[in-house]
$ cat coords_37.pdb   # PDB, C-alpha atoms, pLDDT in the B column
ATOM      1  CA  ASP A   1      -7.736  -9.712 126.612  1.00 85.00           C
ATOM      2  CA  ARG A   2      -7.950  -6.019 127.411  1.00 90.00           C
ATOM      3  CA  GLU A   3     -11.214  -5.475 125.579  1.00 93.00           C
ATOM      4  CA  LYS A   4     -12.825  -8.531 127.148  1.00 94.00           C
ATOM      5  CA  ALA A   5     -11.950  -7.230 130.616  1.00 94.00           C
ATOM      6  CA  LEU A   6     -13.752  -3.967 129.787  1.00 96.00           C
ATOM      7  CA  GLU A   7     -16.762  -5.871 128.455  1.00 96.00           C
ATOM      8  CA  VAL A   8     -16.943  -8.009 131.590  1.00 95.00           C
ATOM      9  CA  ALA A   9     -16.748  -4.894 133.778  1.00 95.00           C
ATOM     10  CA  ASP A  10     -19.570  -3.259 131.799  1.00 96.00           C
ATOM     11  CA  GLU A  11     -21.746  -6.370 131.989  1.00 96.00           C
ATOM     12  CA  ALA A  12     -21.149  -6.761 135.719  1.00 95.00           C
ATOM     13  CA  ARG A  13     -21.947  -3.090 136.293  1.00 93.00           C
ATOM     14  CA  ARG A  14     -25.183  -3.374 134.266  1.00 95.00           C
ATOM     15  CA  ASN A  15     -26.390  -6.449 136.126  1.00 96.00           C
ATOM     16  CA  PHE A  16     -25.067  -5.553 139.578  1.00 95.00           C
ATOM     17  CA  PRO A  17     -24.790  -1.747 139.841  1.00 93.00           C
ATOM     18  CA  ARG A  18     -23.507  -1.801 143.438  1.00 93.00           C
ATOM     19  CA  LEU A  19     -20.991  -4.592 142.881  1.00 94.00           C
ATOM     20  CA  ARG A  20     -17.416  -3.815 143.863  1.00 94.00           C
ATOM     21  CA  ILE A  21     -15.354  -4.880 140.849  1.00 95.00           C
ATOM     22  CA  LEU A  22     -11.684  -5.767 141.264  1.00 94.00           C
ATOM     23  CA  ALA A  23      -9.571  -6.106 138.150  1.00 94.00           C
ATOM     24  CA  ARG A  24      -6.040  -6.646 136.963  1.00 93.00           C
ATOM     25  CA  ALA A  25      -4.784  -4.144 134.405  1.00 94.00           C
ATOM     26  CA  TYR A  26      -2.166  -4.873 131.783  1.00 91.00           C
ATOM     27  CA  ASP A  27      -0.597  -1.420 131.910  1.00 90.00           C
ATOM     28  CA  ARG A  28      -1.246   2.192 132.888  1.00 90.00           C
ATOM     29  CA  LEU A  29      -3.519   2.896 129.942  1.00 92.00           C
ATOM     30  CA  HIS A  30      -5.598  -0.148 130.795  1.00 95.00           C
ATOM     31  CA  VAL A  31      -5.924   1.200 134.364  1.00 96.00           C
ATOM     32  CA  TYR A  32      -7.426   4.395 132.963  1.00 96.00           C
ATOM     33  CA  GLU A  33      -9.757   2.474 130.665  1.00 96.00           C
ATOM     34  CA  LEU A  34     -10.973   0.305 133.556  1.00 96.00           C
ATOM     35  CA  HIS A  35     -11.585   3.411 135.660  1.00 96.00           C
ATOM     36  CA  ARG A  36     -13.694   4.862 132.849  1.00 94.00           C
ATOM     37  CA  HIS A  37     -15.723   1.660 132.920  1.00 95.00           C
ATOM     38  CA  GLY A  38     -16.455   2.053 136.635  1.00 92.00           C
ATOM     39  CA  VAL A  39     -13.776  -0.237 138.056  1.00 95.00           C
ATOM     40  CA  THR A  40     -12.110   1.425 141.028  1.00 88.00           C
ATOM     41  CA  ASP A  41     -10.062  -1.449 142.463  1.00 94.00           C
ATOM     42  CA  VAL A  42      -7.326  -2.057 139.912  1.00 95.00           C
ATOM     43  CA  GLU A  43      -3.898  -3.663 140.222  1.00 94.00           C
ATOM     44  CA  ARG A  44      -1.320  -3.438 137.473  1.00 93.00           C
ATOM     45  CA  GLU A  45      -0.234  -6.862 136.320  1.00 89.00           C
ATOM     46  CA  THR A  46       3.546  -6.452 136.433  1.00 91.00           C
ATOM     47  CA  PHE A  47       3.993  -3.565 138.878  1.00 93.00           C
ATOM     48  CA  GLU A  48       4.410  -5.545 142.121  1.00 91.00           C
ATOM     49  CA  GLY A  49       6.860  -8.023 140.622  1.00 93.00           C
ATOM     50  CA  GLY A  50       8.835  -5.237 138.977  1.00 94.00           C
ATOM     51  CA  LEU A  51       9.003  -3.281 142.219  1.00 95.00           C
ATOM     52  CA  ARG A  52      10.196  -6.312 144.212  1.00 96.00           C
ATOM     53  CA  LEU A  53      12.821  -7.082 141.585  1.00 97.00           C
ATOM     54  CA  GLY A  54      13.986  -3.466 141.716  1.00 94.00           C
ATOM     55  CA  VAL A  55      14.476  -3.681 145.481  1.00 95.00           C
ATOM     56  CA  LYS A  56      16.406  -6.947 145.109  1.00 96.00           C
ATOM     57  CA  THR A  57      18.534  -5.367 142.387  1.00 94.00           C
ATOM     58  CA  LEU A  58      19.439  -2.450 144.645  1.00 91.00           C
ATOM     59  CA  MET A  59      20.526  -4.904 147.355  1.00 92.00           C
ATOM     60  CA  THR A  60      22.531  -6.921 144.824  1.00 93.00           C
ATOM     61  CA  LEU A  61      24.302  -3.706 143.837  1.00 90.00           C
ATOM     62  CA  GLY A  62      25.304  -3.104 147.446  1.00 87.00           C
ATOM     63  CA  LEU A  63      22.536  -0.968 148.966  1.00 88.00           C
ATOM     64  CA  ASP A  64      21.571  -2.209 152.426  1.00 89.00           C
ATOM     65  CA  GLU A  65      18.147  -3.823 152.818  1.00 92.00           C
ATOM     66  CA  THR A  66      16.648  -0.937 154.818  1.00 91.00           C
ATOM     67  CA  ASN A  67      17.494   1.644 152.176  1.00 89.00           C
ATOM     68  CA  ALA A  68      16.555  -0.656 149.300  1.00 90.00           C
ATOM     69  CA  GLU A  69      13.109  -1.237 150.846  1.00 93.00           C
ATOM     70  CA  ARG A  70      12.808   2.477 151.503  1.00 90.00           C
ATOM     71  CA  ALA A  71      13.662   3.200 147.872  1.00 89.00           C
ATOM     72  CA  GLY A  72      10.883   0.785 146.874  1.00 92.00           C
ATOM     73  CA  ARG A  73       8.379   2.611 149.091  1.00 92.00           C
ATOM     74  CA  ILE A  74       9.453   5.992 147.706  1.00 88.00           C
ATOM     75  CA  PHE A  75       9.127   4.708 144.159  1.00 88.00           C
ATOM     76  CA  ARG A  76       5.655   3.275 144.920  1.00 92.00           C
ATOM     77  CA  ARG A  77       4.404   6.585 146.377  1.00 89.00           C
ATOM     78  CA  HIS A  78       5.823   8.551 143.457  1.00 86.00           C
ATOM     79  CA  ASP A  79       4.424   6.111 140.898  1.00 89.00           C
ATOM     80  CA  GLU A  80       0.949   6.054 142.461  1.00 91.00           C
ATOM     81  CA  ALA A  81       0.851   9.864 142.509  1.00 88.00           C
ATOM     82  CA  GLN A  82       2.042   9.948 138.917  1.00 89.00           C
ATOM     83  CA  LEU A  83      -0.550   7.369 137.874  1.00 92.00           C
ATOM     84  CA  ALA A  84      -3.345   9.493 139.354  1.00 91.00           C
ATOM     85  CA  GLU A  85      -2.003  12.722 137.875  1.00 89.00           C
ATOM     86  CA  MET A  86      -1.432  11.249 134.432  1.00 91.00           C
ATOM     87  CA  GLU A  87      -5.008   9.983 134.304  1.00 94.00           C
ATOM     88  CA  ARG A  88      -6.139  13.603 133.960  1.00 93.00           C
ATOM     89  CA  HIS A  89      -4.336  13.657 130.595  1.00 92.00           C
ATOM     90  CA  PHE A  90      -5.637  10.301 129.338  1.00 92.00           C
ATOM     91  CA  GLY A  91      -7.064  10.807 125.867  1.00 91.00           C
ATOM     92  CA  ASP A  92      -4.916  13.881 125.111  1.00 91.00           C
ATOM     93  CA  SER A  93      -1.727  12.322 123.761  1.00 89.00           C
ATOM     94  CA  GLU A  94       0.300  15.560 123.662  1.00 92.00           C
ATOM     95  CA  ALA A  95      -0.558  16.558 127.236  1.00 90.00           C
ATOM     96  CA  TYR A  96       0.066  12.975 128.364  1.00 87.00           C
ATOM     97  CA  ARG A  97       3.475  12.927 126.647  1.00 87.00           C
ATOM     98  CA  LYS A  98       4.525  16.228 128.254  1.00 87.00           C
ATOM     99  CA  ALA A  99       3.405  15.106 131.697  1.00 85.00           C
ATOM    100  CA  ALA A 100       5.296  11.805 131.291  1.00 83.00           C
ATOM    101  CA  ILE A 101       8.500  13.653 130.391  1.00 82.00           C
ATOM    102  CA  ASN A 102       8.076  15.948 133.381  1.00 81.00           C
ATOM    103  CA  TYR A 103       7.516  13.072 135.809  1.00 79.00           C
ATOM    104  CA  SER A 104      10.387  10.967 134.490  1.00 74.00           C
ATOM    105  CA  GLY A 105      12.842  13.754 135.267  1.00 71.00           C
ATOM    106  CA  MET A 106      11.460  14.212 138.758  1.00 74.00           C
ATOM    107  CA  LEU A 107      11.860  10.610 139.912  1.00 69.00           C
ATOM    108  CA  GLY A 108      15.658  10.649 140.104  1.00 68.00           C
ATOM    109  CA  ASP A 109      15.592  13.876 142.094  1.00 70.00           C
ATOM    110  CA  VAL A 110      12.957  12.489 144.474  1.00 67.00           C
ATOM    111  CA  MET A 111      14.912   9.285 145.065  1.00 65.00           C
ATOM    112  CA  ALA A 112      18.217  11.076 145.624  1.00 67.00           C
ATOM    113  CA  ARG A 113      16.706  13.622 148.008  1.00 68.00           C
ATOM    114  CA  ASP A 114      14.619  11.167 150.004  1.00 63.00           C
ATOM    115  CA  LEU A 115      17.351   8.562 150.282  1.00 64.00           C
ATOM    116  CA  GLY A 116      19.981  11.153 151.154  1.00 65.00           C
ATOM    117  CA  PHE A 117      22.565  10.434 148.476  1.00 59.00           C
ATOM    118  CA  ASN A 118      23.472  11.784 145.098  1.00 55.00           C
ATOM    119  CA  ALA A 119      24.087  10.199 141.721  1.00 52.00           C
ATOM    120  CA  ALA A 120      27.860  10.740 141.852  1.00 57.00           C
ATOM    121  CA  GLU A 121      28.112   8.865 145.154  1.00 61.00           C
ATOM    122  CA  GLN A 122      26.041   6.002 143.781  1.00 58.00           C
ATOM    123  CA  LEU A 123      28.121   5.785 140.607  1.00 54.00           C
ATOM    124  CA  GLU A 124      31.308   5.663 142.674  1.00 63.00           C
ATOM    125  CA  ALA A 125      29.814   2.926 144.886  1.00 59.00           C
ATOM    126  CA  ALA A 126      28.745   0.925 141.828  1.00 56.00           C
ATOM    127  CA  TRP A 127      32.256   1.102 140.332  1.00 58.00           C
ATOM    128  CA  ALA A 128      33.768  -0.009 143.644  1.00 60.00           C
ATOM    129  CA  LEU A 129      31.364  -2.941 143.789  1.00 55.00           C
ATOM    130  CA  GLU A 130      32.210  -3.945 140.202  1.00 54.00           C
ATOM    131  CA  GLU A 131      35.926  -3.896 141.053  1.00 60.00           C
ATOM    132  CA  GLU A 132      35.232  -6.041 144.113  1.00 58.00           C
ATOM    133  CA  TRP A 133      33.278  -8.582 142.020  1.00 60.00           C
ATOM    134  CA  SER A 134      35.901  -8.754 139.265  1.00 56.00           C
ATOM    135  CA  GLY A 135      38.841  -8.675 141.657  1.00 56.00           C
TER     136      GLY A 135
END

$ encode --input "coords_37.pdb" --output "structure tokens"
Amino acid sequence: DREKALEVADEARRNFPRLRILARAYDRLHVYELHRHGVTDVERETFEGGLRLGVKTLMTLGLDETNAERAGRIFRRHDEAQLAEMERHFGDSEAYRKAAINYSGMLGDVMARDLGFNAAEQLEAAWALEEEWSG
């Protein structure tokens, strides 16, 4: 219960002002709400599992483990920076929407540059892998 988590954080803060509160957030917006309620240690509920599954998916599609793990680290750094930047726009839906569009376009470029390959090469590799699997 998102609202209950905020209530608990407020109650804990009132009764124990110096308490370090750790919380699990349901999504990005809940992260921002928890921050506004004085919770600084927040983990997103599905982020870690989603990131691990993404790395496994890259390996299943033929990327070697080193580069798949590296892609996961790059994505994490980019996502954490985006999360912090987007928080500045929390509460202003138009500014938030524009920032989200801007960041979504940047991620592919960041991944391609930092991993040293381009989309065309990856598409060609994916088709070759599909042929191998169906062959």

$ closest_residue --input "coords_37.pdb" --among "A:Tyr26, A:Gly72, A:Gly50, A:Gly38" --to "Arg14 (chain A)" --atoms "all atoms listed in the file"
A:Gly38

$ resolve_selection --input "coords_37.pdb" --expression "the PyMOL selection byres ((chain A and resi 33) around 12)" --output "list in words"
Arg2, Glu3, Lys4, Ala5, Leu6, Glu7, Ala9, Asp10, Ala23, Arg24, Ala25, Tyr26, Asp27, Arg28, Leu29, His30, Val31, Tyr32, Leu34, His35, Arg36, His37, Gly38, Val39, Thr40, Val42, Glu87, Phe90 and Gly91 of chain A

$ write_last_selection --input "coords_37.pdb" --atoms "C-alpha atoms" --output "mmCIF file, in the coordinates of the input"
data_model
loop_
_atom_site.group_PDB
_atom_site.id
_atom_site.type_symbol
_atom_site.label_atom_id
_atom_site.label_comp_id
_atom_site.auth_asym_id
_atom_site.auth_seq_id
_atom_site.Cartn_x
_atom_site.Cartn_y
_atom_site.Cartn_z
ATOM 1 C CA ARG A 2 -7.950 -6.019 127.411
ATOM 2 C CA GLU A 3 -11.214 -5.475 125.579
ATOM 3 C CA LYS A 4 -12.825 -8.531 127.148
ATOM 4 C CA ALA A 5 -11.950 -7.230 130.616
ATOM 5 C CA LEU A 6 -13.752 -3.967 129.787
ATOM 6 C CA GLU A 7 -16.762 -5.871 128.455
ATOM 7 C CA ALA A 9 -16.748 -4.894 133.778
ATOM 8 C CA ASP A 10 -19.570 -3.259 131.799
ATOM 9 C CA ALA A 23 -9.571 -6.106 138.150
ATOM 10 C CA ARG A 24 -6.040 -6.646 136.963
ATOM 11 C CA ALA A 25 -4.784 -4.144 134.405
ATOM 12 C CA TYR A 26 -2.166 -4.873 131.783
ATOM 13 C CA ASP A 27 -0.597 -1.420 131.910
ATOM 14 C CA ARG A 28 -1.246 2.192 132.888
ATOM 15 C CA LEU A 29 -3.519 2.896 129.942
ATOM 16 C CA HIS A 30 -5.598 -0.148 130.795
ATOM 17 C CA VAL A 31 -5.924 1.200 134.364
ATOM 18 C CA TYR A 32 -7.426 4.395 132.963
ATOM 19 C CA LEU A 34 -10.973 0.305 133.556
ATOM 20 C CA HIS A 35 -11.585 3.411 135.660
ATOM 21 C CA ARG A 36 -13.694 4.862 132.849
ATOM 22 C CA HIS A 37 -15.723 1.660 132.920
ATOM 23 C CA GLY A 38 -16.455 2.053 136.635
ATOM 24 C CA VAL A 39 -13.776 -0.237 138.056
ATOM 25 C CA THR A 40 -12.110 1.425 141.028
ATOM 26 C CA VAL A 42 -7.326 -2.057 139.912
ATOM 27 C CA GLU A 87 -5.008 9.983 134.304
ATOM 28 C CA PHE A 90 -5.637 10.301 129.338
ATOM 29 C CA GLY A 91 -7.064 10.807 125.867
#

$ residues_around --input "coords_37.pdb" --residues "Asp79 (chain A)" --least-positions-apart "6" --cutoff "12 Å" --atoms "only C-alpha atoms" --output "list in words"
Arg28, Arg44, Phe47, Glu48, Leu51, Ala71, Gly72, Arg73, Glu85, Met86, Ala100, Tyr103, Ser104, Met106, Leu107, Val110 and Met111 of chain A

$ atom_distance --input "coords_37.pdb" --atom1 "CA of Glu11 (chain A)" --atom2 "CA of Glu80 (chain A)"
27.9 Å

$ atom_distance --input "coords_37.pdb" --atom1 "CA of Glu69 (chain A)" --atom2 "CA of Gly105 (chain A)"
21.6 Å

$ axis_aligned_box --input "coords_37.pdb" --around "region 47-55 of chain A" --padding-each-side "8 Å" --output "JSON"
{"center_x": 9.2, "center_y": -5.7, "center_z": 142.2, "size_x": 26.5, "size_y": 20.7, "size_z": 22.6}

$ resolve_selection --input "coords_37.pdb" --expression "the PyMOL selection byres ((chain A and resi 56) around 12)" --output "PyMOL selection string"
chain A and resi 49-55+57-72

$ atom_distance --input "coords_37.pdb" --atom1 "CA of Ser93 (chain A)" --atom2 "CA of Val8 (chain A)"
26.6 Å
